[in-house]
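Structure data (mmCIF, C-alpha atoms) from final_11.cif:
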```cif
data_data
loop_
_atom_site.label_atom_id
_atom_site.label_comp_id
_atom_site.auth_asym_id
_atom_site.auth_seq_id
_atom_site.Cartn_x
_atom_site.Cartn_y
_atom_site.Cartn_z
CA MET A 1 174.50 222.15 11.17
CA THR A 2 172.37 219.50 9.46
CA GLU A 3 172.17 215.92 10.66
CA GLN A 4 173.88 214.77 7.47
CA ALA A 5 176.90 216.94 8.25
CA TRP A 6 177.80 215.07 11.43
CA LEU A 7 176.73 211.56 10.51
CA PRO A 8 179.30 208.75 10.53
CA ARG A 9 180.87 208.08 7.15
CA GLY A 10 178.68 205.92 4.94
CA VAL A 11 175.43 206.67 6.81
CA ASP A 12 172.74 208.42 4.75
CA ALA A 13 170.04 210.40 6.54
CA HIS A 14 168.18 211.19 3.31
CA ARG A 15 166.25 207.90 3.26
CA PRO A 16 164.53 206.16 6.20
CA THR A 17 165.72 202.75 7.29
CA GLU A 18 163.76 200.00 8.99
CA ALA A 19 166.13 199.80 11.95
CA ARG A 20 165.97 203.53 12.72
CA VAL A 21 162.19 203.74 12.29
CA HIS A 22 161.94 200.74 14.60
CA ASP A 23 164.18 202.52 17.11
CA TYR A 24 162.01 205.67 16.98
CA ALA A 25 158.80 203.69 17.53
CA LEU A 26 160.35 202.19 20.67
CA GLY A 27 161.35 205.61 22.01
CA GLY A 28 165.02 205.35 21.08
CA LYS A 29 167.40 208.11 20.04
CA ASP A 30 169.31 206.40 17.23
CA ASN A 31 167.18 207.86 14.45
CA TYR A 32 167.07 210.94 12.27
CA ALA A 33 164.53 213.46 11.03
CA ILE A 34 163.79 211.45 7.88
CA ASP A 35 162.97 208.37 9.99
CA ARG A 36 160.67 210.30 12.29
CA ALA A 37 158.88 211.95 9.37
CA TYR A 38 158.42 208.58 7.72
CA ALA A 39 157.00 207.04 10.89
CA HIS A 40 154.48 209.86 11.31
CA LYS A 41 153.47 209.64 7.66
CA LEU A 42 152.76 205.94 8.00
CA MET A 43 150.85 206.39 11.26
CA SER A 44 148.75 209.23 9.83
CA LEU A 45 147.79 206.98 6.93
CA VAL A 46 146.77 204.10 9.21
CA PRO A 47 146.52 205.14 12.88
CA GLY A 48 148.15 202.60 15.14
CA ILE A 49 150.13 200.90 12.38
CA GLY A 50 153.32 201.54 14.33
CA ARG A 51 151.97 199.60 17.30
CA PRO A 52 153.24 196.20 16.05
CA ILE A 53 156.81 197.34 16.69
CA VAL A 54 156.01 197.75 20.38
CA GLU A 55 154.08 194.49 20.47
CA ASN A 56 156.95 192.72 18.74
CA SER A 57 159.31 193.74 21.51
CA ARG A 58 156.90 192.44 24.14
CA PHE A 59 156.34 189.16 22.27
CA ALA A 60 160.09 188.64 21.86
CA ARG A 61 160.69 189.06 25.59
CA ARG A 62 157.93 186.57 26.45
CA ALA A 63 159.25 184.05 23.91
CA ILE A 64 162.84 184.36 25.18
CA ARG A 65 161.66 183.82 28.74
CA HIS A 66 159.78 180.71 27.59
CA LEU A 67 162.89 179.35 25.89
CA ARG A 68 165.00 180.19 28.92
CA ASP A 69 162.57 178.31 31.17
CA ALA A 70 162.68 175.39 28.72
CA GLY A 71 166.44 175.18 29.19
CA ILE A 72 167.67 177.02 26.08
CA ARG A 73 170.93 178.73 26.97
CA GLN A 74 172.12 179.95 23.55
CA PHE A 75 170.46 182.27 21.06
CA LEU A 76 171.08 183.42 17.51
CA GLU A 77 169.18 186.60 16.68
CA ILE A 78 168.83 187.26 12.97
CA GLY A 79 168.26 190.86 11.90
CA CYS A 80 168.84 192.27 15.37
CA GLY A 81 168.57 195.92 14.35
CA LEU A 82 169.59 198.54 16.90
CA PRO A 83 169.81 197.80 20.64
CA ARG A 84 166.58 198.37 22.55
CA GLN A 85 165.17 197.83 26.02
CA GLY A 86 165.10 194.12 26.79
CA ASN A 87 167.84 192.82 24.50
CA VAL A 88 168.25 189.05 24.27
CA HIS A 89 171.24 188.84 26.60
CA GLU A 90 169.39 190.93 29.20
CA VAL A 91 166.26 188.74 29.14
CA ALA A 92 168.01 185.37 28.77
CA GLY A 93 170.47 186.08 31.58
CA PRO A 94 174.20 186.81 31.87
CA ASP A 95 175.23 183.20 31.31
CA ALA A 96 173.33 182.84 28.01
CA ALA A 97 175.39 182.64 24.82
CA VAL A 98 174.04 185.15 22.31
CA VAL A 99 175.07 186.20 18.80
CA TYR A 100 173.36 189.22 17.27
CA VAL A 101 173.42 189.32 13.45
CA ASP A 102 172.68 192.22 11.13
CA TYR A 103 173.88 193.39 7.74
CA ASP A 104 173.81 197.06 8.82
CA PRO A 105 177.24 198.11 10.16
CA VAL A 106 175.67 200.87 12.26
CA ALA A 107 173.38 198.40 14.06
CA VAL A 108 176.28 196.02 14.69
CA SER A 109 178.57 198.77 15.99
CA HIS A 110 175.86 199.97 18.39
CA PHE A 111 175.47 196.45 19.78
CA GLN A 112 179.21 196.04 20.11
CA ALA A 113 179.29 199.27 22.12
CA VAL A 114 176.61 198.18 24.61
CA LEU A 115 177.56 194.53 25.08
CA PRO A 116 179.58 193.66 28.19
CA SER A 117 183.30 193.40 27.50
CA THR A 118 183.22 189.98 29.12
CA GLY A 119 180.53 187.36 28.70
CA PRO A 120 179.17 185.18 25.90
CA ALA A 121 177.27 187.86 23.93
CA ARG A 122 178.64 189.08 20.60
CA ALA A 123 177.46 190.96 17.51
CA ILE A 124 178.50 190.31 13.91
CA ARG A 125 177.85 191.81 10.53
CA ALA A 126 176.54 189.25 8.04
CA ASP A 127 173.81 188.90 5.43
CA ALA A 128 171.12 186.61 6.84
CA THR A 129 169.73 185.92 3.39
CA ARG A 130 172.89 183.82 3.01
CA PRO A 131 172.71 181.53 6.05
CA ALA A 132 176.04 179.88 5.23
CA GLU A 133 177.73 183.26 5.71
CA VAL A 134 176.26 183.48 9.21
CA LEU A 135 176.76 179.86 10.24
CA SER A 136 180.39 179.77 9.08
CA HIS A 137 181.31 183.03 10.82
CA PRO A 138 184.11 182.38 13.35
CA VAL A 139 182.27 184.23 16.14
CA VAL A 140 179.21 182.02 15.67
CA GLY A 141 181.43 178.94 15.82
CA GLU A 142 183.07 180.25 18.98
CA VAL A 143 179.87 181.17 20.83
CA ILE A 144 177.20 178.72 19.61
CA ASP A 145 177.40 174.95 20.16
CA PHE A 146 175.13 173.44 17.51
CA ALA A 147 175.19 170.09 19.28
CA GLU A 148 172.94 171.70 21.89
CA PRO A 149 169.51 173.36 21.39
CA VAL A 150 169.53 176.90 20.03
CA GLY A 151 166.92 179.63 20.09
CA LEU A 152 166.74 181.02 16.52
CA LEU A 153 165.17 184.46 16.81
CA THR A 154 163.70 186.03 13.68
CA THR A 155 161.34 188.63 15.06
CA TYR A 156 160.24 191.45 12.77
CA PHE A 157 162.71 190.31 10.13
CA PHE A 158 161.13 188.31 7.32
CA HIS A 159 159.06 191.20 5.95
CA LEU A 160 162.46 192.50 4.79
CA VAL A 161 163.12 189.25 2.89
CA THR A 162 161.80 189.33 -0.65
CA PRO A 163 160.16 186.39 -2.41
CA GLU A 164 163.22 186.29 -4.67
CA ASP A 165 165.43 185.68 -1.64
CA ASP A 166 163.14 182.77 -0.73
CA PRO A 167 162.42 182.89 3.02
CA ALA A 168 161.60 179.15 3.08
CA ARG A 169 165.09 178.39 1.77
CA ILE A 170 166.68 180.69 4.34
CA LEU A 171 164.87 179.03 7.22
CA ARG A 172 165.62 175.56 5.87
CA GLU A 173 169.35 176.35 5.77
CA PHE A 174 169.29 177.77 9.29
CA ARG A 175 167.25 174.80 10.55
CA GLU A 176 169.53 172.08 9.20
CA PRO A 177 172.40 172.37 11.74
CA LEU A 178 170.12 172.95 14.73
CA ALA A 179 169.93 170.21 17.35
CA SER A 180 166.61 168.65 18.30
CA GLY A 181 164.92 170.80 20.91
CA SER A 182 165.95 174.02 19.18
CA HIS A 183 163.23 176.63 18.77
CA LEU A 184 162.28 179.13 16.08
CA VAL A 185 160.78 182.42 17.29
CA LEU A 186 159.20 184.37 14.44
CA SER A 187 156.98 187.41 14.05
CA HIS A 188 155.79 189.11 10.88
CA PRO A 189 153.69 192.21 10.19
CA THR A 190 150.63 191.74 8.02
CA LEU A 191 148.16 193.99 6.20
CA ASP A 192 145.32 191.47 6.29
CA PHE A 193 143.32 193.82 8.50
CA LEU A 194 143.23 196.62 5.88
CA ALA A 195 140.94 197.24 2.93
CA GLU A 196 142.45 196.93 -0.56
CA GLU A 197 142.71 200.70 -1.12
CA GLU A 198 144.44 201.13 2.25
CA ILE A 199 146.90 198.37 1.40
CA ALA A 200 147.81 200.10 -1.85
CA ALA A 201 148.46 203.38 -0.01
CA VAL A 202 150.60 201.69 2.65
CA ARG A 203 152.65 199.90 -0.01
CA GLU A 204 153.43 203.28 -1.61
CA VAL A 205 154.81 204.54 1.70
CA PHE A 206 156.75 201.31 2.24
CA ALA A 207 158.52 202.02 -1.06
CA GLU A 208 160.21 205.04 0.58
CA LEU A 209 162.22 202.80 2.93
CA ARG A 210 165.78 201.84 2.07
CA GLU A 211 164.74 198.19 2.41
CA ARG A 212 162.11 196.49 0.32
CA VAL A 213 159.11 195.40 2.39
CA THR A 214 157.09 192.24 1.71
CA VAL A 215 153.99 191.72 3.82
CA ARG A 216 152.46 188.26 4.12
CA GLY A 217 149.20 186.73 5.29
CA ARG A 218 148.64 184.22 8.07
CA ALA A 219 148.95 181.13 5.84
CA GLU A 220 152.26 182.36 4.41
CA VAL A 221 153.63 183.07 7.89
CA ALA A 222 152.52 179.68 9.20
CA ALA A 223 154.30 178.01 6.24
CA LEU A 224 157.59 179.49 7.44
CA PHE A 225 157.49 177.07 10.39
CA ASP A 226 158.02 174.08 8.10
CA GLY A 227 160.20 171.58 9.96
CA PHE A 228 159.17 172.94 13.37
CA ASP A 229 156.28 171.84 15.57
CA LEU A 230 154.24 174.92 16.44
CA LEU A 231 153.71 175.47 20.14
CA ASP A 232 150.26 176.46 21.38
CA PRO A 233 148.53 178.72 20.51
CA GLY A 234 150.11 178.51 17.02
CA VAL A 235 150.48 181.52 14.72
CA VAL A 236 148.39 184.24 16.31
CA GLU A 237 148.31 188.00 16.77
CA ALA A 238 151.39 188.80 18.84
CA PRO A 239 149.57 190.01 21.99
CA ARG A 240 147.71 186.68 22.08
CA TRP A 241 150.88 184.57 22.22
CA ARG A 242 150.96 183.54 25.89
CA PRO A 243 150.26 187.03 27.29
CA ASP A 244 151.68 187.78 30.71
CA ARG A 245 149.21 190.56 31.45
CA PRO A 246 145.88 191.80 30.08
CA TYR A 247 146.13 194.53 27.46
CA ARG A 248 144.47 195.41 24.20
CA MET A 249 145.64 195.87 20.66
CA SER A 250 143.89 196.00 17.30
CA ALA A 251 144.02 192.41 16.15
CA GLY A 252 145.88 191.13 13.15
CA ARG A 253 148.69 193.65 12.62
CA LEU A 254 151.55 191.44 13.80
CA LEU A 255 151.52 187.66 13.57
CA ALA A 256 153.77 185.61 15.82
CA GLY A 257 154.58 182.04 16.79
CA VAL A 258 157.18 179.71 18.26
CA GLY A 259 158.09 176.29 16.89
CA ARG A 260 160.22 173.45 18.23
CA LYS A 261 162.48 171.22 16.15
CA ALA A 262 161.61 167.61 16.90
#
```

Translate the structure described by the file into structure tokens.
Amino acid sequence: MTEQAWLPRGVDAHRPTEARVHDYALGGKDNYAIDRAYAHKLMSLVPGIGRPIVENSRFARRAIRHLRDAGIRQFLEIGCGLPRQGNVHEVAGPDAAVVYVDYDPVAVSHFQAVLPSTGPARAIRADATRPAEVLSHPVVGEVIDFAEPVGLLTTYFFHLVTPEDDPARILREFREPLASGSHLVLSHPTLDFLAEEEIAAVREVFAELRERVTVRGRAEVAALFDGFDLLDPGVVEAPRWRPDRPYRMSAGRLLAGVGRKA
């Protein structure tokens, strides 16, 4: 029997998706042959290009711990994807209020299946390119108190937001209701480390994904923090954002930073 034959209704295994490729790179099992083939094709083109997914997970855990230590007790994760090791509610602690947001019903249903039946962690399906749809969702209103600081988590998400969708607008609309002391956690893959011919080849492979990928340089990523004060060390390669242990990675493949709303 083929994978397609036993897939849930509405799920297509004939085209790779960002969430499932991400899951495969992290050693998960919620992926299909097309996702694994795509990941290997990309990694054969540029060895190590899948490493940013691992580094993103590590950066996100460090950033959440920093916010937790700074007193942030509620988190809104945009573009959560599939559950992985070290989910927000696991790192932030059982008393943290967390809402996971994704437009993919499969990702949301997986989160709903793994979240504790009791506790302030929920998952909703909404389109994050329309912040009003997220912010007005009844679950968000029930779980998140916007009079108190919020951790807005947008790790490994904005490369799936096209210029036409205007990432600056999206962040501005999410920033508006946030209380002072709220933080933005953001990471973004980049191709700045590649030669022009390599970039063209990678873009061709990106076109095979269900989602449209937009890669940005350091200046473009830094501009996304408009309205937030960047914490030291600013927008840097993800492993260099307040590392908790010594390890190496080819520099420049994933940019990351954390900003605080004054």

Inset, instruction - Please write as a list of chain:residue names the full residue list that the PyMOL selection byres ((chain A and resi 165) around 12) yields on this file. - result: A:Asp127, A:Ala128, A:Thr129, A:Arg130, A:Pro131, A:Phe158, A:His159, A:Leu160, A:Val161, A:Thr162, A:Pro163, A:Glu164, A:Asp166, A:Pro167, A:Ala168, A:Arg169, A:Ile170, A:Leu171, A:Arg212, A:Thr214

Please provide the set of residues having any atom within 9 Å of Leu153 in chain A, restricted to only C-alpha atoms, with same-chain residues fewer than 3 positions apart removed, written as a tab-separated table (two decimals) with C-alpha atoms, in the coordinates of the input.
```
chain	number	residue	atom	x	y	z
A	60	ALA	CA	160.09	188.64	21.86
A	64	ILE	CA	162.84	184.36	25.18
A	75	PHE	CA	170.46	182.27	21.06
A	76	LEU	CA	171.08	183.42	17.51
A	77	GLU	CA	169.18	186.60	16.68
A	78	ILE	CA	168.83	187.26	12.97
A	79	GLY	CA	168.26	190.86	11.90
A	80	CYS	CA	168.84	192.27	15.37
A	183	HIS	CA	163.23	176.63	18.77
A	184	LEU	CA	162.28	179.13	16.08
A	185	VAL	CA	160.78	182.42	17.29
A	186	LEU	CA	159.20	184.37	14.44
```

Inset, instruction - Report the distance between CA of Arg175 in chain A and CA of Ala238 in chain A in Å, rounded to one decimal place. - result: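 Result for CA of Arg175 in chain A versus CA of Ala238 in chain A: 22.7 Å, one decimal.
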
Inset, instruction - Name the residues captured by the PyMOL selection byres ((chain A and resi 259) around 6) when it is applied to the shown file; answer as a list in words. - result: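 That expression, the PyMOL selection byres ((chain A and resi 259) around 6), corresponds here to His183, Leu184, Phe228, Asp229, Leu230, Leu231, Val258 and Arg260 of chain A.
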
Same residues, C-alpha atoms, output as a PDB file, in the frame of the given file:
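Output saved as again_19.pdb:
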```pdb
ATOM      1  CA  HIS A 183     163.230 176.630  18.770  1.00  0.00           C
ATOM      2  CA  LEU A 184     162.280 179.130  16.080  1.00  0.00           C
ATOM      3  CA  PHE A 228     159.170 172.940  13.370  1.00  0.00           C
ATOM      4  CA  ASP A 229     156.280 171.840  15.570  1.00  0.00           C
ATOM      5  CA  LEU A 230     154.240 174.920  16.440  1.00  0.00           C
ATOM      6  CA  LEU A 231     153.710 175.470  20.140  1.00  0.00           C
ATOM      7  CA  VAL A 258     157.180 179.710  18.260  1.00  0.00           C
ATOM      8  CA  ARG A 260     160.220 173.450  18.230  1.00  0.00           C
TER       9      ARG A 260
END
```

Inset, instruction - Would you translate the PyMOL selection byres ((chain A and resi 206) around 12) into the concrete set of residues it matches in this file, as a PyMOL selection string? - result: chain A and resi 15-18+21+38-39+41-43+45+159-160+191+199-205+207-215

May I have the selected residues written with C-alpha atoms, as a CSV table (one decimal), in the frame of the given file?
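Everything below was put into part37.csv:
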```csv
chain,number,residue,atom,x,y,z
A,15,ARG,CA,166.2,207.9,3.3
A,16,PRO,CA,164.5,206.2,6.2
A,17,THR,CA,165.7,202.8,7.3
A,18,GLU,CA,163.8,200.0,9.0
A,21,VAL,CA,162.2,203.7,12.3
A,38,TYR,CA,158.4,208.6,7.7
A,39,ALA,CA,157.0,207.0,10.9
A,41,LYS,CA,153.5,209.6,7.7
A,42,LEU,CA,152.8,205.9,8.0
A,43,MET,CA,150.8,206.4,11.3
A,45,LEU,CA,147.8,207.0,6.9
A,159,HIS,CA,159.1,191.2,6.0
A,160,LEU,CA,162.5,192.5,4.8
A,191,LEU,CA,148.2,194.0,6.2
A,199,ILE,CA,146.9,198.4,1.4
A,200,ALA,CA,147.8,200.1,-1.8
A,201,ALA,CA,148.5,203.4,0.0
A,202,VAL,CA,150.6,201.7,2.6
A,203,ARG,CA,152.6,199.9,0.0
A,204,GLU,CA,153.4,203.3,-1.6
A,205,VAL,CA,154.8,204.5,1.7
A,207,ALA,CA,158.5,202.0,-1.1
A,208,GLU,CA,160.2,205.0,0.6
A,209,LEU,CA,162.2,202.8,2.9
A,210,ARG,CA,165.8,201.8,2.1
A,211,GLU,CA,164.7,198.2,2.4
A,212,ARG,CA,162.1,196.5,0.3
A,213,VAL,CA,159.1,195.4,2.4
A,214,THR,CA,157.1,192.2,1.7
A,215,VAL,CA,154.0,191.7,3.8
```

Inset, instruction - Considering only C-alpha atoms, state which residue in the set A:Arg58, A:His40, A:Arg253, A:Arg20 is at the smallest distance from Pro189 in chain A. - result: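 For Pro189 in chain A, the nearest of the given residues is A:Arg253.
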